[in-house]
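J.: This is upload-v9.cif (mmCIF, C-alpha atoms).
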```cif
data_protein
#
loop_
_atom_site.label_atom_id
_atom_site.label_comp_id
_atom_site.auth_asym_id
_atom_site.auth_seq_id
_atom_site.Cartn_x
_atom_site.Cartn_y
_atom_site.Cartn_z
CA MET D 1 -69.99 33.36 39.21
CA ASP D 2 -72.30 35.66 37.27
CA VAL D 3 -75.00 37.24 39.45
CA ALA D 4 -78.66 37.50 38.48
CA VAL D 5 -80.00 40.92 39.51
CA LEU D 6 -83.33 42.72 39.52
CA GLU D 7 -83.31 46.51 39.81
CA ILE D 8 -86.79 47.69 40.77
CA GLY D 9 -88.16 51.21 40.52
CA GLY D 10 -91.63 52.63 40.92
CA SER D 11 -92.41 52.22 37.22
CA HIS D 12 -89.91 49.68 35.88
CA VAL D 13 -88.02 46.49 36.60
CA THR D 14 -84.70 45.60 34.98
CA ALA D 15 -83.41 42.03 34.87
CA ALA D 16 -79.70 41.64 34.22
CA LEU D 17 -76.67 39.42 34.61
CA VAL D 18 -73.52 40.91 36.12
CA ALA D 19 -70.11 39.33 35.54
CA PRO D 20 -67.69 39.94 38.43
CA GLY D 21 -64.17 41.12 37.74
CA ALA D 22 -64.89 43.09 34.60
CA TRP D 23 -68.32 43.97 36.07
CA GLU D 24 -69.93 43.75 32.67
CA VAL D 25 -73.70 44.01 32.67
CA THR D 26 -75.84 42.06 30.25
CA GLU D 27 -79.27 43.63 30.35
CA VAL D 28 -81.70 40.84 29.66
CA ASP D 29 -84.90 42.83 29.95
CA ARG D 30 -86.31 46.17 31.08
CA ALA D 31 -90.07 46.22 31.50
CA LYS D 32 -92.74 48.56 32.76
CA LEU D 33 -93.96 47.82 36.27
CA ALA D 34 -97.45 48.56 37.54
CA SER D 35 -96.35 49.04 41.14
CA GLN D 36 -99.73 50.07 42.54
CA GLU D 37 -101.39 46.75 41.79
CA PRO D 38 -102.27 44.24 44.55
CA PRO D 39 -99.39 42.17 45.99
CA ALA D 40 -100.02 39.03 43.94
CA GLU D 41 -99.89 41.01 40.70
CA VAL D 42 -96.73 42.89 41.67
CA VAL D 43 -95.04 39.62 42.63
CA GLU D 44 -95.97 38.03 39.30
CA GLN D 45 -94.59 41.01 37.36
CA LEU D 46 -91.29 40.75 39.23
CA ALA D 47 -91.19 36.97 38.87
CA GLU D 48 -91.83 37.23 35.13
CA ALA D 49 -88.79 39.50 34.81
CA ALA D 50 -86.61 37.29 37.02
CA ARG D 51 -87.49 34.13 35.07
CA LYS D 52 -85.55 35.53 32.13
CA LEU D 53 -82.40 35.03 34.21
CA PRO D 54 -80.50 31.89 35.25
CA LEU D 55 -81.39 31.56 38.93
CA ALA D 56 -79.35 28.55 40.00
CA ASN D 57 -77.16 30.81 42.16
CA GLY D 58 -80.05 32.86 43.54
CA LEU D 59 -81.07 36.47 42.93
CA ALA D 60 -79.92 39.91 44.10
CA VAL D 61 -82.55 42.66 44.20
CA ALA D 62 -82.04 46.43 44.43
CA LEU D 63 -85.12 48.49 45.28
CA PRO D 64 -86.10 51.65 47.14
CA GLY D 65 -87.22 51.95 50.74
CA PRO D 66 -89.00 52.05 53.06
CA PHE D 67 -88.33 48.33 53.11
CA ASP D 68 -86.90 45.86 55.62
CA PHE D 69 -84.02 44.59 53.54
CA ALA D 70 -83.16 41.85 56.02
CA THR D 71 -86.61 40.26 56.24
CA GLY D 72 -88.03 41.21 52.83
CA VAL D 73 -91.06 43.04 54.27
CA ALA D 74 -92.28 46.15 52.41
CA TRP D 75 -93.33 49.26 54.32
CA TYR D 76 -94.38 51.60 51.50
CA ARG D 77 -97.16 54.03 52.33
CA GLY D 78 -98.06 57.26 50.56
CA GLN D 79 -95.10 56.80 48.23
CA GLY D 80 -97.00 56.69 44.97
CA LYS D 81 -95.56 53.20 44.45
CA PHE D 82 -96.08 49.76 46.01
CA ASP D 83 -98.64 51.17 48.45
CA GLN D 84 -100.62 47.90 48.50
CA LEU D 85 -97.50 46.03 49.67
CA TYR D 86 -97.49 47.70 53.11
CA GLY D 87 -96.57 44.99 55.64
CA PHE D 88 -96.29 42.36 52.89
CA ASN D 89 -93.37 39.91 52.88
CA LEU D 90 -92.16 40.35 49.32
CA GLY D 91 -89.12 38.17 49.98
CA GLU D 92 -91.12 35.10 50.91
CA ALA D 93 -93.61 35.56 48.08
CA LEU D 94 -90.97 36.13 45.41
CA SER D 95 -88.82 33.21 46.62
CA GLU D 96 -91.84 30.93 46.47
CA ALA D 97 -92.88 32.16 43.02
CA LEU D 98 -89.37 31.55 41.65
CA GLY D 99 -88.60 28.36 43.60
CA ILE D 100 -85.31 29.74 44.95
CA GLU D 101 -83.86 29.81 48.45
CA ARG D 102 -81.24 32.55 48.11
CA LEU D 103 -82.72 36.01 47.59
CA GLN D 104 -80.99 39.15 48.84
CA PHE D 105 -82.40 42.67 48.93
CA MET D 106 -80.41 45.91 48.93
CA ASN D 107 -81.41 49.56 49.11
CA ASP D 108 -81.13 51.03 45.61
CA ALA D 109 -79.17 54.12 46.74
CA GLU D 110 -76.71 51.88 48.57
CA ALA D 111 -76.46 49.63 45.53
CA PHE D 112 -75.70 52.68 43.38
CA ALA D 113 -72.92 53.83 45.71
CA VAL D 114 -71.37 50.37 45.99
CA GLY D 115 -71.54 50.05 42.21
CA GLU D 116 -69.73 53.35 41.77
CA TRP D 117 -67.12 52.26 44.33
CA THR D 118 -66.69 48.93 42.57
CA ALA D 119 -66.45 50.12 38.98
CA GLY D 120 -67.28 53.82 38.71
CA GLU D 121 -66.52 57.38 39.78
CA VAL D 122 -65.38 56.56 43.32
CA ARG D 123 -63.63 53.28 42.56
CA GLY D 124 -61.50 52.33 45.56
CA VAL D 125 -62.05 55.65 47.39
CA GLU D 126 -61.74 54.95 51.12
CA ARG D 127 -64.49 57.29 52.34
CA CYS D 128 -67.11 58.45 49.88
CA VAL D 129 -70.81 59.16 49.51
CA GLY D 130 -73.30 58.28 46.79
CA VAL D 131 -76.31 60.57 46.37
CA THR D 132 -79.25 59.67 44.14
CA ILE D 133 -81.76 62.36 43.27
CA GLY D 134 -85.07 61.67 41.58
CA THR D 135 -88.57 61.57 43.04
CA GLY D 136 -86.74 61.67 46.38
CA ILE D 137 -83.17 61.69 47.61
CA GLY D 138 -81.13 58.65 48.57
CA THR D 139 -77.68 58.51 50.17
CA ALA D 140 -75.11 55.92 51.11
CA PHE D 141 -71.94 56.56 53.11
CA LEU D 142 -69.15 54.09 52.33
CA ALA D 143 -65.97 53.26 54.24
CA GLY D 144 -63.74 50.88 52.31
CA GLY D 145 -66.68 50.06 50.07
CA ARG D 146 -68.91 49.04 53.00
CA VAL D 147 -72.10 50.91 53.83
CA VAL D 148 -72.10 52.74 57.17
CA ARG D 149 -75.58 53.30 58.65
CA GLU D 150 -74.88 53.94 62.33
CA GLY D 151 -72.88 56.35 64.47
CA GLY D 152 -72.70 60.08 64.86
CA THR D 153 -70.81 60.61 61.61
CA VAL D 154 -73.76 59.70 59.36
CA PRO D 155 -77.43 60.76 59.26
CA PRO D 156 -80.00 58.39 60.85
CA GLY D 157 -79.65 55.08 59.02
CA GLY D 158 -77.19 56.78 56.68
CA GLU D 159 -80.19 58.37 54.95
CA LEU D 160 -80.01 62.12 54.45
CA TYR D 161 -83.69 62.36 53.49
CA LYS D 162 -84.57 61.71 57.14
CA THR D 163 -83.03 65.07 58.08
CA SER D 164 -84.56 68.53 57.76
CA TYR D 165 -83.29 71.69 56.13
CA ALA D 166 -84.55 75.22 56.81
CA GLY D 167 -87.19 73.74 59.10
CA MET D 168 -88.63 71.43 56.45
CA PRO D 169 -88.01 67.85 55.29
CA LEU D 170 -84.96 67.91 53.03
CA GLU D 171 -86.90 66.54 50.06
CA ASP D 172 -88.97 69.74 50.09
CA SER D 173 -85.76 71.49 49.02
CA ILE D 174 -84.05 69.00 46.71
CA SER D 175 -86.04 66.42 44.72
CA ALA D 176 -87.92 66.39 41.43
CA ARG D 177 -91.04 67.81 43.05
CA ALA D 178 -89.02 70.49 44.85
CA ILE D 179 -87.44 71.64 41.59
CA LEU D 180 -90.80 71.71 39.79
CA ARG D 181 -92.43 73.60 42.66
CA ARG D 182 -89.64 76.17 42.82
CA TYR D 183 -89.78 76.63 39.05
CA ALA D 184 -93.54 77.26 39.21
CA GLU D 185 -93.11 79.72 42.10
CA THR D 186 -90.32 81.55 40.26
CA THR D 187 -91.81 81.73 36.77
CA GLY D 188 -95.55 81.35 37.32
CA ALA D 189 -95.51 78.53 34.78
CA GLU D 190 -95.47 74.76 35.09
CA ALA D 191 -92.59 72.79 33.63
CA PRO D 192 -93.21 69.34 32.16
CA GLY D 193 -90.21 67.92 34.02
CA VAL D 194 -86.75 68.48 35.44
CA LYS D 195 -85.08 67.47 32.18
CA GLU D 196 -87.01 70.19 30.39
CA ILE D 197 -85.91 72.76 33.00
CA ALA D 198 -82.30 71.68 32.47
CA ASP D 199 -82.70 71.92 28.70
CA GLN D 200 -84.12 75.42 29.08
CA ALA D 201 -81.21 76.40 31.30
CA ARG D 202 -78.70 75.18 28.70
CA ALA D 203 -80.57 77.19 26.08
CA GLY D 204 -80.02 80.37 28.11
CA ASP D 205 -83.12 80.52 30.33
CA THR D 206 -81.77 82.34 33.39
CA ALA D 207 -84.75 81.56 35.62
CA ALA D 208 -84.51 77.83 34.91
CA HIS D 209 -80.79 77.88 35.63
CA GLU D 210 -81.23 79.73 38.91
CA VAL D 211 -83.93 77.30 40.08
CA LEU D 212 -81.56 74.37 39.61
CA ARG D 213 -78.70 76.21 41.28
CA ALA D 214 -80.88 77.14 44.26
CA CYS D 215 -81.99 73.53 44.83
CA PHE D 216 -78.45 72.17 44.57
CA THR D 217 -77.19 74.93 46.85
CA ASP D 218 -79.62 73.62 49.45
CA LEU D 219 -78.32 70.11 48.89
CA ALA D 220 -74.74 71.28 49.39
CA ALA D 221 -75.64 73.08 52.61
CA ALA D 222 -77.51 70.06 54.00
CA LEU D 223 -74.87 67.52 52.97
CA HIS D 224 -71.69 69.42 53.80
CA PRO D 225 -71.72 68.89 57.61
CA TRP D 226 -72.04 65.13 57.14
CA LEU D 227 -69.22 65.09 54.62
CA GLU D 228 -66.99 66.72 57.21
CA ARG D 229 -68.07 64.36 60.00
CA PHE D 230 -67.53 61.27 57.85
CA ASP D 231 -64.29 62.63 56.37
CA VAL D 232 -65.55 62.16 52.80
CA THR D 233 -63.06 62.80 50.00
CA HIS D 234 -65.44 62.42 47.03
CA THR D 235 -69.17 62.45 46.35
CA VAL D 236 -70.85 60.86 43.34
CA LEU D 237 -74.31 61.88 42.15
CA GLY D 238 -76.78 59.57 40.45
CA GLY D 239 -80.47 59.36 39.71
CA SER D 240 -82.35 61.14 36.96
CA ILE D 241 -81.47 64.64 38.16
CA SER D 242 -77.74 63.97 38.06
CA GLY D 243 -78.02 64.81 34.36
CA ALA D 244 -78.14 68.48 35.38
CA PHE D 245 -74.72 68.27 37.06
CA ASP D 246 -73.03 70.39 34.38
CA LEU D 247 -75.34 73.26 35.29
CA VAL D 248 -74.80 73.18 39.06
CA SER D 249 -71.36 71.71 39.71
CA ASP D 250 -69.93 75.04 40.83
CA VAL D 251 -72.39 75.39 43.72
CA LEU D 252 -71.21 72.12 45.27
CA ASP D 253 -68.41 73.23 47.57
CA PHE D 254 -66.83 69.78 47.86
CA PRO D 255 -65.22 67.30 45.42
CA ALA D 256 -68.07 65.78 43.41
CA SER D 257 -68.87 64.25 40.05
CA ALA D 258 -71.85 62.67 38.31
CA THR D 259 -72.01 59.02 37.37
CA GLU D 260 -71.26 58.11 33.79
CA ASP D 261 -73.66 55.16 33.98
CA THR D 262 -77.10 55.88 35.41
CA GLU D 263 -78.45 52.54 34.15
CA HIS D 264 -75.98 49.99 35.48
CA SER D 265 -74.37 51.22 38.72
CA ALA D 266 -77.08 49.84 41.02
CA LEU D 267 -76.97 46.49 39.19
CA VAL D 268 -73.21 46.27 39.69
CA GLY D 269 -73.51 47.29 43.35
CA ALA D 270 -76.22 44.75 44.11
CA ALA D 271 -74.12 42.02 42.49
CA ALA D 272 -70.95 43.04 44.37
CA HIS D 273 -72.84 43.05 47.68
CA TYR D 274 -74.37 39.67 46.88
CA LEU D 275 -70.97 38.12 46.17
CA ARG D 276 -69.56 39.50 49.42
CA SER D 277 -72.34 37.77 51.30
CA VAL D 278 -71.95 34.34 49.73
#
```
Show how you would write the structure in this file as structure tokens.
T.:
Amino acid sequence: MDVAVLEIGGSHVTAALVAPGAWEVTEVDRAKLASQEPPAEVVEQLAEAARKLPLANGLAVALPGPFDFATGVAWYRGQGKFDQLYGFNLGEALSEALGIERLQFMNDAEAFAVGEWTAGEVRGVERCVGVTIGTGIGTAFLAGGRVVREGGTVPPGGELYKTSYAGMPLEDSISARAILRRYAETTGAEAPGVKEIADQARAGDTAAHEVLRACFTDLAAALHPWLERFDVTHTVLGGSISGAFDLVSDVLDFPASATEDTEHSALVGAAAHYLRSV
């Protein structure tokens, strides 16, 4: 059966249908999302997007944490997104708004990794890792396509962002804000965004190139011990910053590649996970 999926970010919501087997994605709608509005308004925005989909078989939802994916309760605080949903049961509210019983949530980084294992860069790889880099960093460790969150071979909850590097939270070293901060410290100038830093690096700006390389060197150093513990054979990068992969690939001292589909991998992964759970 085709799976109805919502992929939710801090500023957008995408509604799509995913066809299993070929894993073709039909993007029905991508809309802006005012995520800092009160709960009722956020729920209505999400419901409006979901109503564009056939919901007879339920709905799969990929979204970022902190979120209790089993109960549907949001725990966002100081995230710059969904802050008014702290302690709010989004699952119950959205199910009621849509009149559906089956609603399944999945961490967006895990959905990305499962999507890449299902139909992307790490298709069928026995032990792999997906890393998404944007406003923060997300990770998912997969064994046979299943997410591993516990045990000494993965970070707490399987989430690398919960670890520290050089005595600081890892996201102080590798994230959009970390790259922008390091660029400002290095050049004395503010960059409009990471994409612009990457464009400058491709145009021959040595300082911009070195800033990117330094941040990804930190990522490699922080990630490498976990790759060894989990016996990872390939790592796939996603998220907005994965577009700079061509500039930094040589500082990653392990087999890695960037996704070819930043838009659809999480949709595919959420659908694949949903079908496994039917």
J.: So that I can see what lies close to D:Ala4, please list as a list in words the residues with an atom at most 10 Å from it, counting only C-alpha atoms and leaving out residues fewer than 5 positions away in the same chain.
T.: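 Everything that qualifies: Ala15, Ala16, Leu17, Val18, Ala19, Thr26, Val28, Ala50, Lys52, Leu53, Pro54, Leu55, Ala56, Asn57, Gly58, Leu59, Ala60, Val61, Leu267, Ala270, Ala271 and Tyr274 of chain D.
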J.: Rank nothing, just name the residue among D:Thr71, D:Thr163, D:Thr217, D:Gln36 nearest to D:Asp253, using all atoms listed in the file.
T.: D:Thr217
J.: Once the PyMOL selection byres ((chain D and resi 265) around 9) has been evaluated on this model, what residues remain selected, and can you format them as JSON, numbers by chain?
T.: {"D": [111, 112, 113, 114, 115, 116, 118, 119, 120, 238, 259, 261, 262, 263, 264, 266, 267, 268, 269, 270]}
J.: Once the PyMOL selection byres ((chain D and resi 97) around 8) has been applied to the shown file, what residues remain in the selection, as a PyMOL selection string?
T.: chain D and resi 43-44+47+93-96+98-99
J.: Measure the distance from atom CA of D:Ala22 to atom CA of D:Gly243 in Å and round it to one decimal.
T.: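 Those two atoms sit 25.4 Å apart.
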J.: Considering all atoms listed in the file, can you say which of D:Gln104, D:Asp231, D:Ala184, D:Val248 comes closest to D:Ala214?
T.: D:Val248
J.: What does the distance between atom CA of D:Gly134 and atom CA of D:Arg181 come to in Å, to one decimal place?
T.: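 If I compute the distance from atom CA of D:Gly134 to atom CA of D:Arg181, I get 14.1 Å.
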J.: Please provide the set of residues having any atom within 10 Å of D:Asn107, restricted to all atoms listed in the file, with same-chain residues fewer than 3 positions apart removed, written as a PyMOL selection string.
T.: chain D and resi 7+61-69+110-112+138-140+266+270
J.: Any chance you could export the current selection's C-alpha atoms as a PDB file, keeping the file's coordinate frame?
T.:
```
ATOM      1  CA  GLU D   7     -83.310  46.510  39.810  1.00  0.00           C
ATOM      2  CA  VAL D  61     -82.550  42.660  44.200  1.00  0.00           C
ATOM      3  CA  ALA D  62     -82.040  46.430  44.430  1.00  0.00           C
ATOM      4  CA  LEU D  63     -85.120  48.490  45.280  1.00  0.00           C
ATOM      5  CA  PRO D  64     -86.100  51.650  47.140  1.00  0.00           C
ATOM      6  CA  GLY D  65     -87.220  51.950  50.740  1.00  0.00           C
ATOM      7  CA  PRO D  66     -89.000  52.050  53.060  1.00  0.00           C
ATOM      8  CA  PHE D  67     -88.330  48.330  53.110  1.00  0.00           C
ATOM      9  CA  ASP D  68     -86.900  45.860  55.620  1.00  0.00           C
ATOM     10  CA  PHE D  69     -84.020  44.590  53.540  1.00  0.00           C
ATOM     11  CA  GLU D 110     -76.710  51.880  48.570  1.00  0.00           C
ATOM     12  CA  ALA D 111     -76.460  49.630  45.530  1.00  0.00           C
ATOM     13  CA  PHE D 112     -75.700  52.680  43.380  1.00  0.00           C
ATOM     14  CA  GLY D 138     -81.130  58.650  48.570  1.00  0.00           C
ATOM     15  CA  THR D 139     -77.680  58.510  50.170  1.00  0.00           C
ATOM     16  CA  ALA D 140     -75.110  55.920  51.110  1.00  0.00           C
ATOM     17  CA  ALA D 266     -77.080  49.840  41.020  1.00  0.00           C
ATOM     18  CA  ALA D 270     -76.220  44.750  44.110  1.00  0.00           C
TER      19      ALA D 270
END
```
J.: Decode the PyMOL selection byres ((chain D and resi 135) around 7) for the given file into explicit residues and return them as a PyMOL selection string.
T.: chain D and resi 133-134+136+175-177
J.: Grab the atom CA of D:Thr132 to atom CA of D:Asp83 distance for me, in Å with one decimal place.
T.: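 A separation of 21.6 Å between them.
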J.: Nearest to D:Glu196: which of D:Gly72, D:Leu6, D:Arg229, D:Ala244 is it, counting all atoms listed in the file?
T.: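 Under the stated criterion, the closest residue is D:Ala244.
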J.: May I ask which of the residues D:Phe141, D:Ile100, D:Leu237, D:Pro38 is the closest one to D:Pro156, counting all atoms listed in the file?
T.: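 Of D:Phe141, D:Ile100, D:Leu237, D:Pro38, the one nearest D:Pro156 is D:Phe141, counting all atoms listed in the file.
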